[in-house]
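Chemist: Supplied structure: protein27.pdb, PDB, C-alpha atoms.
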ATOM      1  CA  MET A 254      37.088   3.375  21.027  1.00  0.00           C
ATOM      2  CA  ALA A 255      33.398   4.139  20.633  1.00  0.00           C
ATOM      3  CA  ALA A 256      32.453   0.790  22.150  1.00  0.00           C
ATOM      4  CA  LEU A 257      33.986   1.628  25.528  1.00  0.00           C
ATOM      5  CA  THR A 258      31.752   2.135  28.543  1.00  0.00           C
ATOM      6  CA  ARG A 259      30.502   5.675  28.752  1.00  0.00           C
ATOM      7  CA  GLY A 260      32.122   7.578  31.581  1.00  0.00           C
ATOM      8  CA  LEU A 261      35.569   6.016  31.359  1.00  0.00           C
ATOM      9  CA  LEU A 262      38.039   8.900  31.279  1.00  0.00           C
ATOM     10  CA  LEU A 263      40.524   8.469  28.444  1.00  0.00           C
ATOM     11  CA  HIS A 264      43.323  10.852  27.490  1.00  0.00           C
ATOM     12  CA  GLN A 265      45.411   9.660  24.563  1.00  0.00           C
ATOM     13  CA  MET A 266      48.955  11.053  24.834  1.00  0.00           C
ATOM     14  CA  HIS A 267      50.322   9.308  21.756  1.00  0.00           C
ATOM     15  CA  GLU A 268      49.437   6.268  19.675  1.00  0.00           C
ATOM     16  CA  ARG A 269      50.891   3.820  22.211  1.00  0.00           C
ATOM     17  CA  LEU A 270      49.905   5.485  25.493  1.00  0.00           C
ATOM     18  CA  THR A 271      46.504   6.417  26.887  1.00  0.00           C
ATOM     19  CA  LEU A 272      45.962   7.760  30.410  1.00  0.00           C
ATOM     20  CA  ALA A 273      42.709   6.665  32.009  1.00  0.00           C
ATOM     21  CA  GLY A 274      40.473   6.774  35.053  1.00  0.00           C
ATOM     22  CA  GLN A 275      39.201   3.604  36.719  1.00  0.00           C
ATOM     23  CA  PRO A 276      37.835   1.104  34.162  1.00  0.00           C
ATOM     24  CA  GLN A 277      34.765  -0.889  35.173  1.00  0.00           C
ATOM     25  CA  PRO A 278      34.725  -4.722  34.987  1.00  0.00           C
ATOM     26  CA  GLU A 279      32.731  -4.635  31.750  1.00  0.00           C
ATOM     27  CA  ASP A 280      35.331  -2.374  30.096  1.00  0.00           C
ATOM     28  CA  TRP A 281      38.154  -4.922  29.847  1.00  0.00           C
ATOM     29  CA  PRO A 282      36.985  -6.852  26.750  1.00  0.00           C
ATOM     30  CA  HIS A 283      36.214  -3.530  25.033  1.00  0.00           C
ATOM     31  CA  LEU A 284      39.670  -2.198  25.889  1.00  0.00           C
ATOM     32  CA  ALA A 285      41.262  -5.320  24.430  1.00  0.00           C
ATOM     33  CA  ALA A 286      39.091  -5.030  21.305  1.00  0.00           C
ATOM     34  CA  ALA A 287      40.086  -1.359  20.991  1.00  0.00           C
ATOM     35  CA  GLY A 288      43.710  -2.425  20.602  1.00  0.00           C
ATOM     36  CA  PHE A 289      45.137  -2.109  24.104  1.00  0.00           C
ATOM     37  CA  GLN A 290      47.594  -4.851  25.028  1.00  0.00           C
ATOM     38  CA  VAL A 291      48.930  -3.717  28.391  1.00  0.00           C
ATOM     39  CA  VAL A 292      47.256  -2.265  31.485  1.00  0.00           C
ATOM     40  CA  ILE A 293      49.236  -0.540  34.215  1.00  0.00           C
ATOM     41  CA  ASN A 294      47.277   0.228  37.394  1.00  0.00           C
ATOM     42  CA  MET A 295      48.786   2.877  39.665  1.00  0.00           C
ATOM     43  CA  ARG A 296      46.158   2.729  42.431  1.00  0.00           C
ATOM     44  CA  SER A 297      47.362   1.639  45.854  1.00  0.00           C
ATOM     45  CA  ASP A 298      44.615  -0.875  46.727  1.00  0.00           C
ATOM     46  CA  HIS A 299      46.084  -4.392  46.368  1.00  0.00           C
ATOM     47  CA  LYS A 300      42.759  -6.202  46.847  1.00  0.00           C
ATOM     48  CA  ARG A 301      41.089  -4.197  44.098  1.00  0.00           C
ATOM     49  CA  ALA A 302      44.132  -4.735  41.870  1.00  0.00           C
ATOM     50  CA  ALA A 303      43.914  -8.520  42.300  1.00  0.00           C
ATOM     51  CA  HIS A 304      40.265  -8.510  41.089  1.00  0.00           C
ATOM     52  CA  GLU A 305      41.151  -6.168  38.291  1.00  0.00           C
ATOM     53  CA  GLN A 306      44.094  -8.298  37.190  1.00  0.00           C
ATOM     54  CA  ALA A 307      41.830 -11.350  36.941  1.00  0.00           C
ATOM     55  CA  ASN A 308      39.343  -9.453  34.734  1.00  0.00           C
ATOM     56  CA  ALA A 309      42.008  -7.819  32.576  1.00  0.00           C
ATOM     57  CA  THR A 310      44.027 -10.980  31.951  1.00  0.00           C
ATOM     58  CA  ALA A 311      40.814 -12.904  31.202  1.00  0.00           C
ATOM     59  CA  ALA A 312      40.231 -10.357  28.448  1.00  0.00           C
ATOM     60  CA  GLY A 313      43.717 -11.077  27.079  1.00  0.00           C
ATOM     61  CA  LEU A 314      45.475  -8.007  28.471  1.00  0.00           C
ATOM     62  CA  GLU A 315      48.904  -7.998  30.060  1.00  0.00           C
ATOM     63  CA  TYR A 316      48.640  -6.488  33.544  1.00  0.00           C
ATOM     64  CA  LEU A 317      50.967  -4.668  35.926  1.00  0.00           C
ATOM     65  CA  HIS A 318      50.080  -3.250  39.349  1.00  0.00           C
ATOM     66  CA  LEU A 319      52.437  -0.346  39.997  1.00  0.00           C
ATOM     67  CA  PRO A 320      51.321   1.552  43.114  1.00  0.00           C
ATOM     68  CA  LEU A 321      53.568   4.585  43.666  1.00  0.00           C
ATOM     69  CA  PRO A 322      53.113   7.240  46.396  1.00  0.00           C
ATOM     70  CA  ALA A 323      52.005  10.210  44.287  1.00  0.00           C
ATOM     71  CA  TYR A 324      51.898  12.371  47.446  1.00  0.00           C
ATOM     72  CA  GLU A 325      55.661  11.997  47.994  1.00  0.00           C
ATOM     73  CA  LEU A 326      57.369  10.935  44.808  1.00  0.00           C
ATOM     74  CA  GLU A 327      61.103  10.363  44.933  1.00  0.00           C
ATOM     75  CA  PRO A 328      63.568   9.946  42.024  1.00  0.00           C
ATOM     76  CA  GLU A 329      63.595   6.155  42.517  1.00  0.00           C
ATOM     77  CA  HIS A 330      59.811   6.054  41.995  1.00  0.00           C
ATOM     78  CA  LEU A 331      60.181   8.012  38.786  1.00  0.00           C
ATOM     79  CA  ALA A 332      63.012   5.733  37.636  1.00  0.00           C
ATOM     80  CA  LEU A 333      60.828   2.676  38.241  1.00  0.00           C
ATOM     81  CA  PHE A 334      57.907   4.285  36.394  1.00  0.00           C
ATOM     82  CA  HIS A 335      60.147   5.141  33.425  1.00  0.00           C
ATOM     83  CA  ALA A 336      61.609   1.636  33.274  1.00  0.00           C
ATOM     84  CA  LYS A 337      58.213  -0.089  33.440  1.00  0.00           C
ATOM     85  CA  LEU A 338      56.544   2.246  30.956  1.00  0.00           C
ATOM     86  CA  ASN A 339      59.310   1.570  28.447  1.00  0.00           C
ATOM     87  CA  SER A 340      59.463  -2.175  28.998  1.00  0.00           C
ATOM     88  CA  TYR A 341      56.320  -2.988  27.009  1.00  0.00           C
ATOM     89  CA  GLY A 342      55.940  -3.139  23.269  1.00  0.00           C
ATOM     90  CA  GLY A 343      52.193  -2.822  22.861  1.00  0.00           C
ATOM     91  CA  ASN A 344      49.549  -0.174  23.354  1.00  0.00           C
ATOM     92  CA  ILE A 345      49.394   0.786  27.024  1.00  0.00           C
ATOM     93  CA  LEU A 346      46.443   1.903  29.154  1.00  0.00           C
ATOM     94  CA  LEU A 347      47.882   3.600  32.241  1.00  0.00           C
ATOM     95  CA  HIS A 348      45.238   4.206  34.876  1.00  0.00           C
ATOM     96  CA  CYS A 349      44.534   5.423  38.403  1.00  0.00           C
ATOM     97  CA  ARG A 350      41.164   6.517  39.844  1.00  0.00           C
ATOM     98  CA  SER A 351      40.643   9.808  38.022  1.00  0.00           C
ATOM     99  CA  ALA A 352      43.510   9.856  35.469  1.00  0.00           C
ATOM    100  CA  THR A 353      45.261  12.592  37.476  1.00  0.00           C
ATOM    101  CA  ARG A 354      48.038  10.675  39.266  1.00  0.00           C
ATOM    102  CA  VAL A 355      49.052   8.928  36.037  1.00  0.00           C
ATOM    103  CA  ALA A 356      49.251  12.271  34.228  1.00  0.00           C
ATOM    104  CA  LEU A 357      51.460  13.711  36.973  1.00  0.00           C
ATOM    105  CA  LEU A 358      53.835  10.736  36.674  1.00  0.00           C
ATOM    106  CA  TRP A 359      53.857  11.015  32.893  1.00  0.00           C
ATOM    107  CA  MET A 360      54.552  14.762  33.093  1.00  0.00           C
ATOM    108  CA  LEU A 361      57.501  14.253  35.458  1.00  0.00           C
ATOM    109  CA  ASP A 362      58.788  11.435  33.251  1.00  0.00           C
ATOM    110  CA  GLN A 363      58.697  13.668  30.183  1.00  0.00           C
ATOM    111  CA  ILE A 364      60.508  16.517  31.977  1.00  0.00           C
ATOM    112  CA  VAL A 365      63.159  14.374  33.686  1.00  0.00           C
ATOM    113  CA  TYR A 366      63.794  11.561  31.199  1.00  0.00           C
ATOM    114  CA  GLY A 367      62.458  13.159  28.028  1.00  0.00           C
ATOM    115  CA  ARG A 368      64.286  16.423  28.881  1.00  0.00           C
ATOM    116  CA  ARG A 369      61.245  18.320  27.716  1.00  0.00           C
ATOM    117  CA  ASN A 370      60.083  21.775  28.679  1.00  0.00           C
ATOM    118  CA  GLN A 371      57.304  21.801  31.313  1.00  0.00           C
ATOM    119  CA  ALA A 372      55.125  24.254  29.346  1.00  0.00           C
ATOM    120  CA  GLU A 373      55.307  21.996  26.292  1.00  0.00           C
ATOM    121  CA  VAL A 374      54.244  18.945  28.311  1.00  0.00           C
ATOM    122  CA  GLU A 375      51.399  20.913  29.932  1.00  0.00           C
ATOM    123  CA  ALA A 376      50.182  21.974  26.474  1.00  0.00           C
ATOM    124  CA  GLU A 377      50.145  18.324  25.430  1.00  0.00           C
ATOM    125  CA  LEU A 378      48.103  17.367  28.503  1.00  0.00           C
ATOM    126  CA  ARG A 379      45.680  20.206  27.804  1.00  0.00           C
ATOM    127  CA  ALA A 380      45.341  19.051  24.180  1.00  0.00           C
ATOM    128  CA  ALA A 381      44.589  15.543  25.505  1.00  0.00           C
ATOM    129  CA  GLY A 382      41.637  16.918  27.488  1.00  0.00           C
ATOM    130  CA  TYR A 383      42.945  17.864  30.940  1.00  0.00           C
ATOM    131  CA  ASP A 384      41.280  20.991  32.366  1.00  0.00           C
ATOM    132  CA  ASN A 385      42.699  24.006  34.230  1.00  0.00           C
ATOM    133  CA  ASP A 386      42.146  22.411  37.671  1.00  0.00           C
ATOM    134  CA  SER A 387      44.088  19.326  36.634  1.00  0.00           C
ATOM    135  CA  LEU A 388      46.904  21.414  35.181  1.00  0.00           C
ATOM    136  CA  ALA A 389      47.092  23.474  38.400  1.00  0.00           C
ATOM    137  CA  THR A 390      47.386  20.190  40.325  1.00  0.00           C
ATOM    138  CA  PHE A 391      50.204  18.952  38.069  1.00  0.00           C
ATOM    139  CA  SER A 392      52.001  22.271  38.375  1.00  0.00           C
ATOM    140  CA  PHE A 393      51.825  22.317  42.195  1.00  0.00           C
ATOM    141  CA  CYS A 394      52.926  18.683  42.522  1.00  0.00           C
ATOM    142  CA  THR A 395      55.721  19.088  39.952  1.00  0.00           C
ATOM    143  CA  GLU A 396      57.063  22.091  41.877  1.00  0.00           C
ATOM    144  CA  ASP A 397      56.881  20.053  45.096  1.00  0.00           C
ATOM    145  CA  TYR A 398      58.821  17.202  43.458  1.00  0.00           C
ATOM    146  CA  PHE A 399      61.605  19.415  42.135  1.00  0.00           C
ATOM    147  CA  GLU A 400      61.850  21.247  45.483  1.00  0.00           C
ATOM    148  CA  ARG A 401      62.709  17.928  47.107  1.00  0.00           C
ATOM    149  CA  ALA A 402      64.535  16.116  44.291  1.00  0.00           C
ATOM    150  CA  GLY A 403      66.331  19.092  42.781  1.00  0.00           C
ATOM    151  CA  ALA A 404      65.558  20.831  39.487  1.00  0.00           C
ATOM    152  CA  PRO A 405      66.229  18.920  36.249  1.00  0.00           C
ATOM    153  CA  ALA A 406      69.681  19.495  34.714  1.00  0.00           C
TER
ATOM    154  CA  MET B   7      32.783  13.464  70.434  1.00  0.00           C
ATOM    155  CA  ASP B   8      34.593  16.189  68.503  1.00  0.00           C
ATOM    156  CA  THR B   9      38.227  15.520  67.677  1.00  0.00           C
ATOM    157  CA  ALA B  10      40.581  18.250  68.914  1.00  0.00           C
ATOM    158  CA  TYR B  11      42.957  19.753  66.362  1.00  0.00           C
ATOM    159  CA  ASP B  12      45.622  22.431  66.076  1.00  0.00           C
ATOM    160  CA  GLN B  13      45.304  23.533  62.469  1.00  0.00           C
ATOM    161  CA  THR B  14      42.877  23.219  59.561  1.00  0.00           C
ATOM    162  CA  LEU B  15      43.829  22.731  55.929  1.00  0.00           C
ATOM    163  CA  ASP B  16      41.108  23.505  53.397  1.00  0.00           C
ATOM    164  CA  VAL B  17      41.553  21.437  50.232  1.00  0.00           C
ATOM    165  CA  LYS B  18      37.958  21.690  49.039  1.00  0.00           C
ATOM    166  CA  GLY B  19      37.870  21.309  45.267  1.00  0.00           C
ATOM    167  CA  ALA B  20      41.408  19.900  45.077  1.00  0.00           C
ATOM    168  CA  LYS B  21      41.966  16.766  43.021  1.00  0.00           C
ATOM    169  CA  CYS B  22      44.114  13.753  43.844  1.00  0.00           C
ATOM    170  CA  PRO B  23      46.991  13.836  44.724  1.00  0.00           C
ATOM    171  CA  LEU B  24      46.838  17.531  45.745  1.00  0.00           C
ATOM    172  CA  PRO B  25      45.053  17.011  49.120  1.00  0.00           C
ATOM    173  CA  LEU B  26      47.787  14.564  50.176  1.00  0.00           C
ATOM    174  CA  VAL B  27      50.688  16.667  48.893  1.00  0.00           C
ATOM    175  CA  LYS B  28      49.355  19.775  50.680  1.00  0.00           C
ATOM    176  CA  SER B  29      48.683  17.747  53.843  1.00  0.00           C
ATOM    177  CA  ARG B  30      52.200  16.301  53.802  1.00  0.00           C
ATOM    178  CA  LYS B  31      53.613  19.833  53.596  1.00  0.00           C
ATOM    179  CA  ALA B  32      51.257  21.157  56.299  1.00  0.00           C
ATOM    180  CA  ILE B  33      51.938  18.357  58.756  1.00  0.00           C
ATOM    181  CA  GLY B  34      55.668  18.948  58.336  1.00  0.00           C
ATOM    182  CA  GLU B  35      55.122  22.429  59.761  1.00  0.00           C
ATOM    183  CA  LEU B  36      53.346  21.151  62.895  1.00  0.00           C
ATOM    184  CA  ALA B  37      55.103  20.154  66.106  1.00  0.00           C
ATOM    185  CA  VAL B  38      55.256  16.445  66.955  1.00  0.00           C
ATOM    186  CA  GLY B  39      51.962  15.471  68.616  1.00  0.00           C
ATOM    187  CA  GLN B  40      49.901  18.222  66.982  1.00  0.00           C
ATOM    188  CA  VAL B  41      46.829  17.411  64.907  1.00  0.00           C
ATOM    189  CA  LEU B  42      45.940  18.603  61.405  1.00  0.00           C
ATOM    190  CA  ARG B  43      42.304  18.717  60.310  1.00  0.00           C
ATOM    191  CA  VAL B  44      41.946  18.397  56.534  1.00  0.00           C
ATOM    192  CA  VAL B  45      38.667  19.351  54.837  1.00  0.00           C
ATOM    193  CA  ALA B  46      38.273  17.841  51.358  1.00  0.00           C
ATOM    194  CA  THR B  47      35.487  17.391  48.806  1.00  0.00           C
ATOM    195  CA  ASP B  48      37.162  14.528  46.922  1.00  0.00           C
ATOM    196  CA  ARG B  49      35.435  11.256  47.881  1.00  0.00           C
ATOM    197  CA  GLY B  50      38.579   9.354  46.990  1.00  0.00           C
ATOM    198  CA  SER B  51      40.450  11.214  49.717  1.00  0.00           C
ATOM    199  CA  VAL B  52      38.996   8.768  52.291  1.00  0.00           C
ATOM    200  CA  ALA B  53      40.964   5.827  50.869  1.00  0.00           C
ATOM    201  CA  ASP B  54      43.897   8.039  49.903  1.00  0.00           C
ATOM    202  CA  PHE B  55      44.425   9.264  53.490  1.00  0.00           C
ATOM    203  CA  GLN B  56      44.083   5.722  54.844  1.00  0.00           C
ATOM    204  CA  GLY B  57      46.733   4.548  52.382  1.00  0.00           C
ATOM    205  CA  TRP B  58      49.048   7.437  53.215  1.00  0.00           C
ATOM    206  CA  ALA B  59      48.804   6.815  56.966  1.00  0.00           C
ATOM    207  CA  LYS B  60      49.711   3.144  56.440  1.00  0.00           C
ATOM    208  CA  THR B  61      52.947   3.965  54.645  1.00  0.00           C
ATOM    209  CA  ALA B  62      54.007   7.353  56.089  1.00  0.00           C
ATOM    210  CA  LYS B  63      56.519   7.261  58.917  1.00  0.00           C
ATOM    211  CA  ASN B  64      55.394  10.393  60.742  1.00  0.00           C
ATOM    212  CA  VAL B  65      51.600  10.396  60.402  1.00  0.00           C
ATOM    213  CA  GLU B  66      48.759   8.772  62.328  1.00  0.00           C
ATOM    214  CA  LEU B  67      45.215   8.952  60.972  1.00  0.00           C
ATOM    215  CA  ILE B  68      43.126   9.604  64.091  1.00  0.00           C
ATOM    216  CA  SER B  69      39.673   9.720  62.537  1.00  0.00           C
ATOM    217  CA  GLN B  70      37.645  10.517  59.439  1.00  0.00           C
ATOM    218  CA  GLU B  71      34.224  12.178  59.255  1.00  0.00           C
ATOM    219  CA  THR B  72      31.777  13.239  56.603  1.00  0.00           C
ATOM    220  CA  GLY B  73      29.795  16.467  56.549  1.00  0.00           C
ATOM    221  CA  GLN B  74      27.893  18.806  54.294  1.00  0.00           C
ATOM    222  CA  GLU B  75      28.385  22.412  53.276  1.00  0.00           C
ATOM    223  CA  ALA B  76      26.145  24.242  50.828  1.00  0.00           C
ATOM    224  CA  GLY B  77      24.874  20.936  49.426  1.00  0.00           C
ATOM    225  CA  GLN B  78      28.395  19.607  48.938  1.00  0.00           C
ATOM    226  CA  ASP B  79      29.752  16.478  50.652  1.00  0.00           C
ATOM    227  CA  LEU B  80      32.782  17.078  52.845  1.00  0.00           C
ATOM    228  CA  TYR B  81      35.378  14.469  53.839  1.00  0.00           C
ATOM    229  CA  ILE B  82      37.239  15.494  56.984  1.00  0.00           C
ATOM    230  CA  HIS B  83      40.459  13.803  58.058  1.00  0.00           C
ATOM    231  CA  TYR B  84      42.323  14.216  61.378  1.00  0.00           C
ATOM    232  CA  LEU B  85      46.034  13.451  61.270  1.00  0.00           C
ATOM    233  CA  ARG B  86      48.605  13.564  64.055  1.00  0.00           C
ATOM    234  CA  ARG B  87      52.290  14.188  63.467  1.00  0.00           C
ATOM    235  CA  THR B  88      54.066  11.358  65.302  1.00  0.00           C
ATOM    236  CA  SER B  89      57.749  12.178  64.748  1.00  0.00           C
TER
END
Now, as a test, write the supplied structure out as structure tokens.
Modeler:
Amino acid sequence: MAALTRGLLLHQMHERLTLAGQPQPEDWPHLAAAGFQVVINMRSDHKRAAHEQANATAAGLEYLHLPLPAYELEPEHLALFHAKLNSYGGNILLHCRSATRVALLWMLDQIVYGRRNQAEVEAELRAAGYDNDSLATFSFCTEDYFERAGAPA
Amino acid sequence: MDTAYDQTLDVKGAKCPLPLVKSRKAIGELAVGQVLRVVATDRGSVADFQGWAKTAKNVELISQETGQEAGQDLYIHYLRRTS
């Protein structure tokens, strides 16, 4: 991925999933050349997403706009996220503005659907390059989610 | 003209989506009609608060301002609880 635009935040979680910040228009061909096949955009701006979709599909990438309210996630949002994330076969670039929202969704997905321990998922995010501030954000928002949705079984 | 408010929430240094999650919790503790002033340093909070106000059922975004503190840009949001 050395050819990617400098400054694009990339956190590879496993060989088929990378969490990212906002790609720039010139990044799309490089992302396709780096082996990505699918882009999922979780930002809420529909106008920006339409421009982005045109650039990404022109570069040969499959594109999905999936804006979810990260400030008030409900179980149905998480269910939709899980279904979409698992509906693609190729290498996925999952992005928002700063790669934080997407990591929160991924963390909740791993705890709820992957039935994984929160500390284990946090360690994986840290290993992928997320700092203490980001992890504190995920922890606060995860606690908020489970307060409202109920703790995982 | 200064916007009147009832409570301030300091989310300086907090990353998305933390300013919104904390604001949602804080506004839930206000009485209907009261105003929350949120002070953030995240530039993206400007669009984030606009997006939240469009979809939230109990929040009105009254105004947004920018400021400076110790060389740092501040993004200040005024939100009213509507129900």
Chemist: Using only C-alpha atoms, which residues of chain B come within 10 Å of chain A, and what is the closest atom pair for each, with the distance in Å to one decimal? Give it as JSON lines, sorted by chain and residue number.
Modeler:
{"residue": "B:Gly19", "atom": "CA", "partner": "A:Asp386", "partner_atom": "CA", "distance": 8.8}
{"residue": "B:Ala20", "atom": "CA", "partner": "A:Thr390", "partner_atom": "CA", "distance": 7.6}
{"residue": "B:Lys21", "atom": "CA", "partner": "A:Thr390", "partner_atom": "CA", "distance": 7.0}
{"residue": "B:Cys22", "atom": "CA", "partner": "A:Thr353", "partner_atom": "CA", "distance": 6.6}
{"residue": "B:Pro23", "atom": "CA", "partner": "A:Tyr324", "partner_atom": "CA", "distance": 5.8}
{"residue": "B:Leu24", "atom": "CA", "partner": "A:Thr390", "partner_atom": "CA", "distance": 6.1}
{"residue": "B:Pro25", "atom": "CA", "partner": "A:Tyr324", "partner_atom": "CA", "distance": 8.4}
{"residue": "B:Leu26", "atom": "CA", "partner": "A:Tyr324", "partner_atom": "CA", "distance": 5.4}
{"residue": "B:Val27", "atom": "CA", "partner": "A:Tyr324", "partner_atom": "CA", "distance": 4.7}
{"residue": "B:Lys28", "atom": "CA", "partner": "A:Tyr324", "partner_atom": "CA", "distance": 8.5}
{"residue": "B:Ser29", "atom": "CA", "partner": "A:Tyr324", "partner_atom": "CA", "distance": 9.0}
{"residue": "B:Arg30", "atom": "CA", "partner": "A:Tyr324", "partner_atom": "CA", "distance": 7.5}
{"residue": "B:Lys31", "atom": "CA", "partner": "A:Asp397", "partner_atom": "CA", "distance": 9.1}
{"residue": "B:Gly50", "atom": "CA", "partner": "A:Arg350", "partner_atom": "CA", "distance": 8.1}
{"residue": "B:Ala53", "atom": "CA", "partner": "A:Asp298", "partner_atom": "CA", "distance": 8.7}
{"residue": "B:Asp54", "atom": "CA", "partner": "A:Ser297", "partner_atom": "CA", "distance": 8.3}
{"residue": "B:Gly57", "atom": "CA", "partner": "A:Ser297", "partner_atom": "CA", "distance": 7.2}
{"residue": "B:Trp58", "atom": "CA", "partner": "A:Pro322", "partner_atom": "CA", "distance": 7.9}
{"residue": "B:Thr61", "atom": "CA", "partner": "A:Pro322", "partner_atom": "CA", "distance": 8.9}
{"residue": "B:Ala62", "atom": "CA", "partner": "A:Glu325", "partner_atom": "CA", "distance": 9.5}
Chemist: Apply the PyMOL selection byres ((chain A and resi 373-375) around 9) to the displayed file and report the matching residues as an MDAnalysis selection string.
Modeler: chainID A and resid 360 363:364 369:372 376:380 388 391:392
Chemist: Skip region 339-341 of chain A itself and residues of its chain fewer than 3 positions away, then list as a PyMOL selection string all residues within 10 Å of it, counting all atoms listed in the file.
Modeler: chain A and resi 269+290-291+315+333-336+344-345
Chemist: Could you spell out the hits of the PyMOL selection byres ((chain B and resi 68-77) around 10) on the shown file, as number ranges by chain?
Modeler: B: 9, 41-47, 49, 52, 55-56, 59, 65-67, 78-86
Chemist: Convert the output of the PyMOL selection byres ((chain A and resi 277-289) around 12) on the shown file into explicit residues, formatted as a PyMOL selection string.
Modeler: chain A and resi 254-263+265+268-276+290-293+301-302+304-316+341-348+350
Chemist: As an exercise, work out the distance from CA of Glu327 (chain A) to CA of Arg401 (chain A) in Å and give it to one decimal place.
Modeler: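 So the answer is 8.0 Å.
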Chemist: In Å to one decimal, how far is CA of Asp16 (chain B) from CA of Glu35 (chain B)?
Modeler: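 Pair CA of Glu35 (chain B) / CA of Asp16 (chain B) returns 15.4 Å.
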Chemist: Which of these residues is nearest to Glu396 (chain A), using only C-alpha atoms: A:Lys300, A:Leu361, A:Ala381, A:Pro328?
Modeler: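 Under the stated criterion, the closest residue is A:Leu361.
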Chemist: Between CA of His330 (chain A) and CA of Asn385 (chain A), what is the distance, to one decimal in Å?
Modeler: 26.0 Å
Chemist: Please write a file for region 339-384 of chain A, taken from the block I just shared, that holds C-alpha atoms and is laid out as a tab-separated table (two decimals), in the first residue's frame.
Modeler:
chain	number	residue	atom	x	y	z
A	339	ASN	CA	-20.52	-9.94	5.68
A	340	SER	CA	-22.28	-9.65	2.34
A	341	TYR	CA	-19.14	-8.93	0.31
A	342	GLY	CA	-16.51	-11.38	-0.81
A	343	GLY	CA	-13.59	-9.10	-1.56
A	344	ASN	CA	-11.20	-6.91	0.37
A	345	ILE	CA	-13.14	-4.14	2.10
A	346	LEU	CA	-12.12	-0.56	2.91
A	347	LEU	CA	-14.51	0.69	5.59
A	348	HIS	CA	-14.21	4.43	6.11
A	349	CYS	CA	-15.59	7.47	7.91
A	350	ARG	CA	-13.86	10.84	8.43
A	351	SER	CA	-11.18	9.89	10.95
A	352	ALA	CA	-11.46	6.07	11.12
A	353	THR	CA	-13.00	6.32	14.60
A	354	ARG	CA	-16.71	5.70	13.93
A	355	VAL	CA	-15.92	2.66	11.78
A	356	ALA	CA	-13.72	1.22	14.54
A	357	LEU	CA	-16.50	1.69	17.10
A	358	LEU	CA	-18.95	-0.17	14.84
A	359	TRP	CA	-16.42	-2.93	14.22
A	360	MET	CA	-15.73	-3.25	17.95
A	361	LEU	CA	-19.44	-3.57	18.78
A	362	ASP	CA	-19.86	-6.06	15.94
A	363	GLN	CA	-17.04	-8.21	17.29
A	364	ILE	CA	-18.44	-8.15	20.84
A	365	VAL	CA	-22.09	-8.75	19.91
A	366	TYR	CA	-21.89	-11.00	16.84
A	367	GLY	CA	-18.38	-12.37	17.25
A	368	ARG	CA	-19.04	-13.00	20.98
A	369	ARG	CA	-15.56	-11.74	21.71
A	370	ASN	CA	-14.20	-10.23	24.89
A	371	GLN	CA	-14.01	-6.41	24.83
A	372	ALA	CA	-10.41	-6.33	26.12
A	373	GLU	CA	-9.34	-8.67	23.32
A	374	VAL	CA	-10.98	-6.49	20.67
A	375	GLU	CA	-9.41	-3.35	22.18
A	376	ALA	CA	-5.98	-5.01	22.05
A	377	GLU	CA	-6.54	-5.75	18.37
A	378	LEU	CA	-7.48	-2.12	17.68
A	379	ARG	CA	-4.40	-0.95	19.57
A	380	ALA	CA	-2.22	-3.35	17.54
A	381	ALA	CA	-3.78	-1.88	14.37
A	382	GLY	CA	-2.58	1.59	15.38
A	383	TYR	CA	-5.38	3.20	17.42
A	384	ASP	CA	-4.09	5.39	20.27
